[in-house]
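Peer 1: Quick one, run.tsv (TSV, C-alpha atoms and all ligand atoms):
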```tsv
chain	number	residue	atom	x	y	z
W	188	MET	CA	39.98	-109.37	18.29
W	189	LEU	CA	41.47	-110.32	14.90
W	190	LYS	CA	38.78	-110.81	12.28
W	191	VAL	CA	40.00	-113.17	9.54
W	192	LEU	CA	37.79	-113.69	6.52
W	193	THR	CA	38.64	-116.82	4.52
W	194	VAL	CA	37.42	-117.39	0.96
W	195	ALA	CA	37.07	-120.98	-0.26
W	196	GLY	CA	35.14	-122.46	-3.13
W	197	THR	CA	36.47	-125.77	-4.43
W	198	ARG	CA	37.26	-129.29	-3.24
W	199	PRO	CA	41.00	-128.68	-2.78
W	200	ASN	CA	40.24	-125.34	-1.07
W	201	PHE	CA	38.08	-127.13	1.50
W	202	VAL	CA	40.83	-129.63	2.27
W	203	LYS	CA	43.25	-126.72	2.80
W	204	ILE	CA	40.99	-124.51	4.93
W	205	ALA	CA	39.85	-127.36	7.21
W	206	ALA	CA	43.08	-127.05	9.18
W	207	LEU	CA	43.01	-123.24	9.21
W	208	GLN	CA	39.38	-123.03	10.32
W	209	ALA	CA	39.96	-125.51	13.16
W	210	GLU	CA	43.00	-123.57	14.35
W	211	MET	CA	41.25	-120.18	14.18
W	212	ARG	CA	38.28	-121.52	16.14
W	213	ARG	CA	40.62	-122.87	18.81
W	214	ARG	CA	42.26	-119.47	19.39
W	215	ARG	CA	40.91	-116.86	21.69
W	216	GLY	CA	41.28	-113.48	20.04
W	217	VAL	CA	40.56	-114.69	16.51
W	218	LEU	CA	37.15	-114.26	14.91
W	219	PRO	CA	36.94	-116.40	11.74
W	220	VAL	CA	34.48	-115.56	8.98
W	221	LEU	CA	34.10	-118.16	6.23
W	222	VAL	CA	32.86	-117.32	2.75
W	223	HIS	CA	31.95	-120.11	0.32
W	224	SER	CA	32.33	-118.65	-3.16
W	225	GLY	CA	30.04	-121.33	-4.61
W	226	GLN	CA	32.54	-122.35	-7.32
W	227	HIS	CA	31.95	-126.02	-6.47
W	228	PHE	CA	28.42	-126.31	-5.17
W	229	ASP	CA	27.20	-129.91	-5.57
W	230	ARG	CA	27.14	-132.35	-2.69
W	231	GLU	CA	30.02	-134.53	-3.96
W	232	MET	CA	32.47	-131.66	-4.45
W	233	SER	CA	31.35	-129.33	-1.65
W	234	ASP	CA	28.85	-130.11	1.14
W	235	ARG	CA	30.13	-133.61	1.77
W	236	PHE	CA	33.63	-132.16	2.19
W	237	LEU	CA	32.46	-129.52	4.64
W	238	ASP	CA	30.72	-132.23	6.69
W	239	ASP	CA	33.49	-134.83	6.59
W	240	LEU	CA	36.23	-132.30	7.34
W	241	SER	CA	34.23	-130.77	10.24
W	242	ILE	CA	34.23	-127.35	8.61
W	243	PRO	CA	31.49	-125.21	10.18
W	244	ALA	CA	28.71	-123.93	7.94
W	245	PRO	CA	30.01	-120.93	5.98
W	246	ASP	CA	28.91	-117.51	7.23
W	247	PHE	CA	28.20	-116.49	3.63
W	248	THR	CA	27.51	-118.71	0.62
W	249	LEU	CA	27.53	-117.19	-2.84
W	250	ARG	CA	26.25	-118.73	-6.04
W	251	PRO	CA	28.20	-117.66	-9.11
W	252	ARG	CA	27.11	-119.09	-12.42
W	253	ALA	CA	29.02	-122.24	-13.34
W	254	SER	CA	32.63	-121.68	-14.44
W	255	ALA	CA	32.56	-117.97	-13.60
W	256	SER	CA	35.87	-116.17	-14.10
W	257	PRO	CA	37.63	-114.51	-11.14
W	258	SER	CA	36.53	-111.04	-12.24
W	259	GLU	CA	32.93	-112.27	-12.54
W	260	MET	CA	33.08	-113.68	-9.01
W	261	ALA	CA	34.86	-110.71	-7.42
W	262	PRO	CA	31.94	-108.20	-7.13
W	263	ALA	CA	29.82	-110.46	-4.90
W	264	LEU	CA	32.86	-111.22	-2.77
W	265	ARG	CA	33.61	-107.51	-2.58
W	266	GLU	CA	30.15	-106.89	-1.14
W	267	VAL	CA	30.61	-109.56	1.52
W	268	ILE	CA	34.11	-108.37	2.45
W	269	GLY	CA	32.87	-104.78	2.52
W	270	SER	CA	30.10	-105.65	4.96
W	271	ALA	CA	32.16	-108.02	7.16
W	272	ARG	CA	35.10	-105.57	7.38
W	273	PRO	CA	37.81	-108.11	8.28
W	274	ASP	CA	41.36	-107.21	9.33
W	275	VAL	CA	42.75	-109.61	6.74
W	276	VAL	CA	41.44	-111.88	3.97
W	277	VAL	CA	42.96	-115.36	3.61
W	278	VAL	CA	42.90	-117.10	0.24
W	279	VAL	CA	44.31	-120.57	-0.45
W	280	GLY	CA	45.64	-122.35	-3.52
W	281	ASP	CA	45.20	-121.37	-7.13
W	282	VAL	CA	41.57	-121.65	-8.24
W	283	ASN	CA	39.33	-118.89	-9.60
W	284	SER	CA	37.89	-118.28	-6.10
W	285	THR	CA	41.43	-117.67	-4.82
W	286	LEU	CA	42.08	-114.87	-7.28
W	287	ALA	CA	38.53	-113.50	-6.97
W	288	GLY	CA	38.95	-113.23	-3.18
W	289	ALA	CA	42.30	-111.48	-3.60
W	290	GLN	CA	40.89	-109.06	-6.19
W	291	ALA	CA	37.88	-108.22	-4.01
W	292	ALA	CA	39.94	-107.65	-0.85
W	293	ALA	CA	42.70	-105.70	-2.56
W	294	GLY	CA	40.09	-103.49	-4.25
W	295	LEU	CA	38.81	-102.54	-0.78
W	296	GLY	CA	42.29	-102.02	0.65
W	297	VAL	CA	42.02	-105.09	2.93
W	298	PRO	CA	45.32	-106.99	3.21
W	299	VAL	CA	45.44	-110.41	1.52
W	300	ALA	CA	47.32	-113.40	2.95
W	301	HIS	CA	47.95	-116.15	0.40
W	302	VAL	CA	48.37	-119.68	1.69
W	303	GLU	CA	50.36	-121.84	-0.76
W	304	ALA	CA	52.00	-118.74	-2.21
W	305	GLY	CA	54.83	-118.76	-4.72
W	306	LEU	CA	54.26	-122.15	-6.38
W	307	ARG	CA	55.05	-121.91	-10.09
W	308	SER	CA	54.81	-124.42	-12.92
W	309	PHE	CA	56.24	-121.79	-15.33
W	310	ASP	CA	53.52	-122.89	-17.74
W	311	PRO	CA	51.38	-119.85	-18.59
W	312	THR	CA	48.86	-122.02	-20.46
W	313	MET	CA	47.64	-123.36	-17.08
W	314	PRO	CA	44.76	-121.27	-15.70
W	315	GLU	CA	45.98	-122.16	-12.20
W	316	GLU	CA	49.42	-120.67	-12.97
W	317	ARG	CA	47.83	-117.41	-14.06
W	318	ASN	CA	45.72	-117.41	-10.88
W	319	ARG	CA	48.80	-118.03	-8.71
W	320	ILE	CA	50.81	-115.19	-10.23
W	321	ALA	CA	47.91	-112.72	-10.12
W	322	THR	CA	46.98	-113.68	-6.53
W	323	ASP	CA	50.54	-113.21	-5.32
W	324	SER	CA	50.74	-109.84	-7.04
W	325	LEU	CA	47.78	-108.70	-4.87
W	326	SER	CA	48.92	-110.27	-1.60
W	327	SER	CA	50.65	-108.66	1.39
W	328	LEU	CA	51.60	-111.80	3.31
W	329	PHE	CA	52.86	-115.02	1.74
W	330	PHE	CA	52.76	-118.50	3.26
W	331	ALA	CA	54.83	-120.94	1.23
W	332	SER	CA	54.41	-124.69	1.51
W	333	GLU	CA	57.88	-125.53	0.19
W	334	PRO	CA	61.20	-123.72	-0.41
W	335	SER	CA	60.58	-123.30	-4.15
W	336	GLY	CA	57.65	-121.02	-3.28
W	337	VAL	CA	59.95	-118.81	-1.24
W	338	ALA	CA	62.57	-118.69	-4.00
W	339	ASN	CA	59.98	-117.82	-6.66
W	340	LEU	CA	58.50	-115.00	-4.59
W	341	LEU	CA	61.92	-113.52	-3.92
W	342	ALA	CA	62.79	-113.78	-7.61
W	343	GLU	CA	59.59	-111.86	-8.37
W	344	GLY	CA	60.68	-109.10	-5.98
W	345	GLN	CA	58.37	-109.75	-3.04
W	346	PRO	CA	59.82	-108.49	0.24
W	347	LEU	CA	61.68	-111.00	2.36
W	348	ASP	CA	59.94	-110.01	5.60
W	349	ARG	CA	56.47	-110.81	4.17
W	350	ILE	CA	57.34	-114.38	3.12
W	351	PHE	CA	57.01	-117.30	5.53
W	352	LEU	CA	57.81	-120.93	5.01
W	353	ALA	CA	54.81	-122.34	6.84
W	354	GLY	CA	54.59	-125.95	5.64
W	355	ASN	CA	51.58	-127.53	4.04
W	356	VAL	CA	48.02	-127.09	5.35
W	357	MET	CA	46.75	-129.89	3.07
W	358	ILE	CA	49.07	-132.22	4.97
W	359	ASP	CA	47.73	-130.85	8.28
W	360	THR	CA	44.30	-132.07	7.18
W	361	LEU	CA	45.70	-135.40	6.00
W	362	THR	CA	47.48	-135.92	9.32
W	363	ARG	CA	44.31	-135.10	11.23
W	364	PHE	CA	42.02	-137.42	9.25
W	365	LEU	CA	44.30	-140.34	8.36
W	366	GLU	CA	43.19	-142.39	11.36
W	367	ALA	CA	39.51	-141.85	10.50
W	368	ALA	CA	40.27	-142.77	6.88
W	369	ARG	CA	41.66	-146.13	8.03
W	370	ARG	CA	38.12	-146.98	9.16
W	371	SER	CA	36.70	-146.37	5.66
W	372	THR	CA	35.20	-149.47	4.07
W	373	VAL	CA	36.05	-148.35	0.55
W	374	LEU	CA	38.60	-151.12	-0.07
W	375	SER	CA	36.12	-153.88	0.65
W	376	ARG	CA	33.33	-152.05	-1.19
W	377	LEU	CA	35.52	-152.02	-4.29
W	378	GLY	CA	36.67	-155.62	-3.73
W	379	LEU	CA	40.30	-154.57	-3.19
W	380	ASN	CA	40.76	-155.99	0.28
W	381	GLY	CA	42.68	-159.03	1.36
W	382	GLY	CA	44.50	-161.80	-0.46
W	383	HIS	CA	46.38	-160.65	-3.50
W	384	GLY	CA	44.15	-157.60	-3.77
W	385	THR	CA	45.59	-155.31	-1.14
W	386	ARG	CA	48.07	-152.77	-2.47
W	387	ARG	CA	47.84	-154.22	-5.95
W	388	TYR	CA	45.79	-151.56	-7.59
W	389	VAL	CA	46.37	-148.23	-9.23
W	390	LEU	CA	44.43	-145.11	-8.22
W	391	ALA	CA	44.14	-142.57	-11.03
W	392	THR	CA	42.67	-139.06	-11.31
W	393	LEU	CA	42.68	-136.50	-14.11
W	394	HIS	CA	40.93	-133.16	-14.30
W	395	ARG	CA	43.27	-130.44	-15.61
W	396	PRO	CA	42.42	-128.86	-18.98
W	397	ALA	CA	45.80	-129.97	-20.40
W	398	ALA	CA	44.85	-133.62	-19.79
W	399	VAL	CA	41.12	-133.74	-20.46
W	400	ASP	CA	40.17	-130.91	-22.81
W	401	ASP	CA	42.06	-132.07	-25.91
W	402	PRO	CA	40.34	-135.30	-27.11
W	403	ALA	CA	43.60	-136.64	-28.60
W	404	VAL	CA	45.46	-136.22	-25.30
W	405	LEU	CA	42.57	-137.66	-23.27
W	406	ARG	CA	42.30	-140.67	-25.60
W	407	GLY	CA	46.05	-141.30	-25.24
W	408	LEU	CA	45.98	-141.12	-21.45
W	409	TRP	CA	42.86	-143.27	-21.32
W	410	SER	CA	44.47	-145.91	-23.55
W	411	ALA	CA	47.51	-146.08	-21.24
W	412	LEU	CA	45.22	-146.53	-18.21
W	413	GLU	CA	43.14	-149.15	-20.06
W	414	ARG	CA	46.20	-151.20	-20.93
W	415	LEU	CA	47.31	-151.05	-17.31
W	416	ALA	CA	43.81	-152.09	-16.26
W	417	GLY	CA	44.42	-155.35	-18.16
W	418	GLU	CA	47.20	-156.08	-15.65
W	419	LEU	CA	45.77	-154.90	-12.31
W	420	PRO	CA	42.70	-152.97	-11.11
W	421	VAL	CA	42.74	-149.27	-12.00
W	422	ILE	CA	40.32	-147.18	-9.92
W	423	PHE	CA	39.39	-143.84	-11.46
W	424	PRO	CA	37.20	-141.46	-9.41
W	425	ALA	CA	36.18	-139.00	-12.12
W	426	HIS	CA	35.93	-135.27	-11.51
W	427	PRO	CA	32.68	-133.86	-13.00
W	428	ARG	CA	34.51	-132.10	-15.86
W	429	THR	CA	36.34	-135.34	-16.68
W	430	GLN	CA	33.06	-137.28	-16.67
W	431	SER	CA	31.72	-134.87	-19.29
W	432	ARG	CA	34.86	-135.09	-21.44
W	433	LEU	CA	34.88	-138.89	-21.27
W	434	ARG	CA	31.26	-138.97	-22.39
W	435	GLU	CA	31.88	-136.45	-25.19
W	436	CYS	CA	34.78	-138.58	-26.46
W	437	GLY	CA	32.72	-141.78	-26.19
W	438	LEU	CA	35.39	-143.26	-23.91
W	439	ALA	CA	33.12	-144.26	-21.06
W	440	GLY	CA	29.47	-143.98	-20.19
W	441	ALA	CA	28.43	-142.42	-16.90
W	442	ASP	CA	28.10	-145.93	-15.45
W	443	GLY	CA	31.60	-146.93	-16.52
W	444	VAL	CA	30.55	-149.38	-19.23
W	445	ASN	CA	32.86	-149.70	-22.28
W	446	THR	CA	35.98	-149.65	-20.19
W	447	LYS	CA	38.13	-151.96	-18.12
W	448	ILE	CA	38.91	-149.01	-15.88
W	449	ARG	CA	36.90	-148.94	-12.64
W	450	LEU	CA	35.24	-145.58	-13.05
W	451	THR	CA	33.59	-144.09	-9.95
W	452	ARG	CA	32.05	-140.75	-9.11
W	453	PRO	CA	34.26	-138.33	-7.12
W	454	LEU	CA	34.89	-139.98	-3.76
W	455	PRO	CA	34.40	-138.51	-0.30
W	456	TYR	CA	37.69	-137.40	1.27
W	457	LEU	CA	38.06	-140.25	3.78
W	458	ASP	CA	37.43	-142.91	1.13
W	459	PHE	CA	39.83	-141.26	-1.30
W	460	ILE	CA	42.59	-140.94	1.31
W	461	ARG	CA	42.12	-144.59	2.26
W	462	LEU	CA	42.47	-145.65	-1.38
W	463	GLU	CA	45.47	-143.37	-1.87
W	464	SER	CA	47.24	-144.67	1.23
W	465	ALA	CA	46.97	-148.32	0.18
W	466	ALA	CA	47.59	-147.98	-3.58
W	467	ALA	CA	50.53	-149.64	-5.31
W	468	LEU	CA	50.74	-146.57	-7.53
W	469	VAL	CA	48.84	-143.29	-7.92
W	470	MET	CA	48.65	-141.70	-11.36
W	471	THR	CA	47.37	-138.13	-11.36
W	472	ASP	CA	47.45	-134.56	-12.62
W	473	SER	CA	46.24	-133.25	-9.25
W	474	GLY	CA	48.44	-130.87	-7.29
W	475	GLY	CA	47.14	-131.95	-3.90
W	476	VAL	CA	47.42	-135.65	-4.68
W	477	GLN	CA	51.12	-135.24	-5.60
W	478	GLU	CA	51.65	-133.78	-2.11
W	479	GLU	CA	49.52	-136.31	-0.21
W	480	THR	CA	51.33	-139.27	-1.82
W	481	THR	CA	54.69	-137.74	-0.88
W	482	ALA	CA	53.47	-137.29	2.71
W	483	MET	CA	52.30	-140.93	2.85
W	484	GLY	CA	55.28	-142.43	0.98
W	485	VAL	CA	53.06	-143.78	-1.82
W	486	PRO	CA	54.56	-143.92	-5.35
W	487	CYS	CA	53.08	-141.23	-7.61
W	488	LEU	CA	53.35	-140.72	-11.35
W	489	THR	CA	52.30	-137.26	-12.47
W	490	LEU	CA	50.59	-137.18	-15.85
W	491	ARG	CA	51.77	-133.70	-16.77
W	492	ASN	CA	54.85	-132.12	-18.32
W	493	ASN	CA	55.69	-130.12	-15.19
W	494	THR	CA	54.83	-129.58	-11.57
W	495	GLU	CA	54.58	-126.43	-9.48
W	496	ARG	CA	55.41	-128.65	-6.48
W	497	PRO	CA	59.03	-129.66	-7.21
W	498	ILE	CA	59.70	-130.82	-3.66
W	499	THR	CA	57.47	-133.84	-4.32
W	500	VAL	CA	59.97	-134.88	-7.02
W	501	LEU	CA	63.18	-133.72	-5.30
W	502	GLU	CA	62.38	-135.24	-1.92
W	503	GLY	CA	59.12	-137.15	-2.25
W	504	THR	CA	57.79	-140.12	-4.18
W	505	ASN	CA	56.64	-138.23	-7.28
W	506	GLN	CA	57.89	-138.71	-10.85
W	507	ILE	CA	56.84	-136.60	-13.82
W	508	ALA	CA	55.68	-138.81	-16.68
W	509	GLY	CA	54.49	-136.28	-19.28
W	510	LEU	CA	51.46	-136.96	-21.48
W	511	GLU	CA	52.82	-139.51	-23.94
W	512	PRO	CA	51.00	-142.87	-23.47
W	513	GLU	CA	53.91	-145.27	-24.20
W	514	HIS	CA	56.20	-143.37	-21.88
W	515	ILE	CA	53.57	-143.30	-19.14
W	516	LEU	CA	52.90	-147.01	-19.46
W	517	ALA	CA	56.60	-147.88	-19.30
W	518	ALA	CA	57.11	-145.65	-16.24
W	519	ALA	CA	54.05	-147.13	-14.47
W	520	ARG	CA	55.19	-150.69	-15.12
W	521	ARG	CA	58.68	-149.86	-13.90
W	522	MET	CA	57.34	-148.36	-10.70
W	523	LEU	CA	54.92	-151.24	-10.13
W	524	ALA	CA	57.79	-153.67	-10.56
W	525	GLY	CA	59.63	-152.10	-7.62
W	526	GLY	CA	61.34	-149.21	-9.38
W	527	ALA	CA	59.57	-146.46	-7.45
W	528	LYS	CA	61.79	-144.22	-5.36
W	529	ILE	CA	61.66	-144.00	-1.59
W	530	GLY	CA	60.99	-140.41	-0.64
W	531	ARG	CA	61.16	-138.46	2.57
W	532	ILE	CA	58.62	-136.11	4.12
W	533	PRO	CA	59.50	-132.47	3.37
W	534	ARG	CA	60.46	-130.16	6.21
W	535	LEU	CA	57.52	-128.57	8.07
W	536	TRP	CA	54.94	-130.95	6.56
W	537	ASP	CA	54.32	-131.91	10.15
W	538	GLY	CA	50.61	-131.24	10.73
W	539	ARG	CA	51.26	-127.86	12.40
W	540	SER	CA	51.27	-125.47	9.46
W	541	ALA	CA	47.91	-123.91	10.37
W	542	GLN	CA	49.21	-123.13	13.88
W	543	ARG	CA	52.19	-121.32	12.39
W	544	ILE	CA	50.03	-119.43	9.90
W	545	VAL	CA	47.45	-118.27	12.45
W	546	SER	CA	50.20	-117.17	14.86
W	547	THR	CA	51.81	-115.15	12.08
W	548	LEU	CA	48.46	-113.58	11.14
W	549	CYS	CA	47.98	-112.55	14.80
W	550	ARG	CA	51.49	-111.10	14.96
W	551	ASN	CA	50.99	-109.10	11.77
W	552	TYR	CA	47.35	-108.01	11.96
W	553	GLY	CA	46.22	-108.58	15.57
W	554	SER	CA	45.58	-105.66	17.96
W	555	SER	CA	48.80	-106.41	19.89
W	556	ARG	CA	50.69	-106.63	16.64
W	557	LYS	CA	54.45	-106.87	16.74
W	558	PRO	CA	56.82	-106.32	13.85
W	559	ALA	CA	57.11	-109.25	11.45
W	560	ALA	CA	59.36	-112.04	12.67
W	561	ILE	CA	63.08	-111.52	12.21
W	562	PRO	CA	64.21	-113.95	9.52
W	563	ALA	CA	65.51	-117.11	11.15
W	564	GLY	CA	68.03	-119.41	9.53
W	565	PHE	CA	66.89	-121.49	6.63
W	566	PRO	CA	68.99	-124.48	5.75
W	567	SER	CA	69.04	-124.25	1.96
W	568	PRO	CA	72.25	-122.58	0.77
W	569	ALA	CA	70.40	-121.55	-2.40
W	570	LEU	CA	68.14	-119.20	-0.46
W	571	PRO	CA	68.79	-116.22	1.73
W	572	ALA	CA	67.75	-116.50	5.38
W	573	ILE	CA	63.98	-116.67	5.53
W	574	ALA	CA	61.50	-116.73	8.35
W	575	THR	CA	59.75	-119.91	9.21
W	576	CYS	CA	56.65	-118.91	11.08
W	601	LIG	N1	40.04	-135.92	-3.52
W	601	LIG	C1	38.92	-136.51	-2.96
W	601	LIG	N2	38.13	-137.32	-3.75
W	601	LIG	C2	38.41	-137.56	-5.05
W	601	LIG	C3	39.55	-136.95	-5.62
W	601	LIG	C4	40.35	-136.13	-4.82
W	601	LIG	O1	38.65	-136.35	-1.77
W	601	LIG	O2	37.65	-138.30	-5.70
W	601	LIG	C5	40.87	-135.00	-2.67
W	601	LIG	C6	42.34	-135.32	-2.59
W	601	LIG	O3	42.63	-136.21	-1.54
W	601	LIG	C7	42.95	-133.96	-2.35
W	601	LIG	C8	42.03	-133.03	-3.11
W	601	LIG	O4	40.80	-133.73	-3.27
W	601	LIG	O5	42.89	-133.63	-0.97
W	601	LIG	C9	42.63	-132.67	-4.46
W	601	LIG	O6	41.69	-132.02	-5.23
W	601	LIG	P1	41.84	-131.84	-6.80
W	601	LIG	O7	42.65	-132.94	-7.37
W	601	LIG	O8	40.45	-131.64	-7.32
W	601	LIG	O9	42.56	-130.43	-6.94
W	601	LIG	P2	44.08	-129.98	-7.08
W	601	LIG	O10	44.81	-130.45	-5.86
W	601	LIG	O11	44.61	-130.52	-8.35
W	601	LIG	O12	43.99	-128.48	-7.13
```
Mind turning this structure into structure tokens?
Ligand code: UDP

Peer 2:
Amino acid sequence: MLKVLTVAGTRPNFVKIAALQAEMRRRRGVLPVLVHSGQHFDREMSDRFLDDLSIPAPDFTLRPRASASPSEMAPALREVIGSARPDVVVVVGDVNSTLAGAQAAAGLGVPVAHVEAGLRSFDPTMPEERNRIATDSLSSLFFASEPSGVANLLAEGQPLDRIFLAGNVMIDTLTRFLEAARRSTVLSRLGLNGGHGTRRYVLATLHRPAAVDDPAVLRGLWSALERLAGELPVIFPAHPRTQSRLRECGLAGADGVNTKIRLTRPLPYLDFIRLESAAALVMTDSGGVQEETTAMGVPCLTLRNNTERPITVLEGTNQIAGLEPEHILAAARRMLAGGAKIGRIPRLWDGRSAQRIVSTLCRNYGSSRKPAAIPAGFPSPALPAIATC
């Protein structure tokens, strides 16, 4: 029996582990243990996601104090991992819980498998970038969602036979729930259905420190969105930290007064996916949303200076707009006027990434373990042969 302990703690973590948990529960010979780090703990950002994504109740739920650092979260995780004694600990993404899980497991000598390994924005001011690099430095098995992740890990000296191009578990979850999302009534609830309304709205999200923590930057981004909202509806489901920043800057009250932008609370997954799938344009600083729009062929403008997910730009529908309001507005208008590019779905974003990952975990850490897969051919001439799992 392979005991796999997974650590998750935030909204994007839950979207990523939904596919992995379902796959582990389907397999005979795998015993999944789920630990909720408690990083996001309110109903809108946590419980509702567990329910909607059919994630079973966590075996352990921790309660760190709000905005705890990875090293503050690690001791409690270390206790849980020490008592559960898993064969391997799986961490996903780039949040504080990801690094805390890796630190706790590595400190106990338990191997760490990182899902979404190797992504790099090359921007050390991003807390997520620091988490990614530190998590990978503690990991023994790497599951990359796109070729850039493989290339970055190799450049950092990680061994070739521990790196697997697995595809994207967030897209597994999207594939699984897209049909259910079509039944969401969110479009009619927001008055976006039918007539000229359908597909003529912008969906926007912001939550990264680089966009919302500096009042001058936030004001600039908000002014670009407000001007766009004079031309077509702009729906803005606000992350809790963004709600606070908007209030502190006097840009919008909690009820969305003072602004033409249609401010909502964070939306449940199925409603958000429905809105995303039917939007004329998505404007975001979210990593996951860049990937989901590429998978659905929806135009996306990224309100950042970089992305750690270059495949969404190289192959998908994503364009990097930076943080300068005039530039953003011009790019948005151009895309809304038909200038958005037609992307294609990246290789292995096929809804079966979790299957590949769990099979590889079994091969590497299961009782009938075999040597790691022999590297199979990988089509990019820029990379050496690498195993897809
Ligand atoms: N999401 C959601 N409701 C919202 C905003 C986002 O369900 O109001 C989903 C979105 O579809 C994606 C994930 O949350 O699956 C992205 O989370 P977030 O942007 O917080 O994190 P990031 O991907 O930037 O790490």

Peer 1: Let me see if you get this right: every residue at most 8 Å from ligand LIG 601 (chain W), counting all atoms listed in the file, written as a PyMOL selection string.

Peer 2: chain W and resi 197-200+202-203+236+280-282+357+361+392-395+424-426+452-460+463+472-477+479

Peer 1: Can you pull out every residue within 10 Å of range 526-543 of chain W, counting only C-alpha atoms, but drop anything in the same chain fewer than 6 positions away, and send it as a ChimeraX atom specification?

Peer 2: /W:203-211,213-214,302,330,332-334,351-363,467-468,478,480-488,498-506,518-520,575-576

Peer 1: Please identify all polymer residues within 9 Å of Tyr388 in chain W, counting all atoms listed in the file, omitting same-chain residues fewer than 3 positions from it, and present them as number ranges by chain.

Peer 2: W: 379, 384-385, 416, 419-422, 465-469

Peer 1: Given all atoms listed in the file as the basis, pick out the residue of W:Val278, W:Met522, W:Leu328, W:Cys549 nearest to Asp348 in chain W.

Peer 2: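 Looking only at the distances to Asp348 in chain W, the closest residue turns out to be W:Leu328.
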
Peer 1: Have a look at CA of Ala342 in chain W and CA of Ala300 in chain W and let me know their distance in Å, one decimal.

Peer 2: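 The value is 18.7 Å.
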
Peer 1: In Å, rounded to a single decimal, give me how far CA of Ala398 in chain W is from CA of Thr285 in chain W.

Peer 2: 22.1 Å
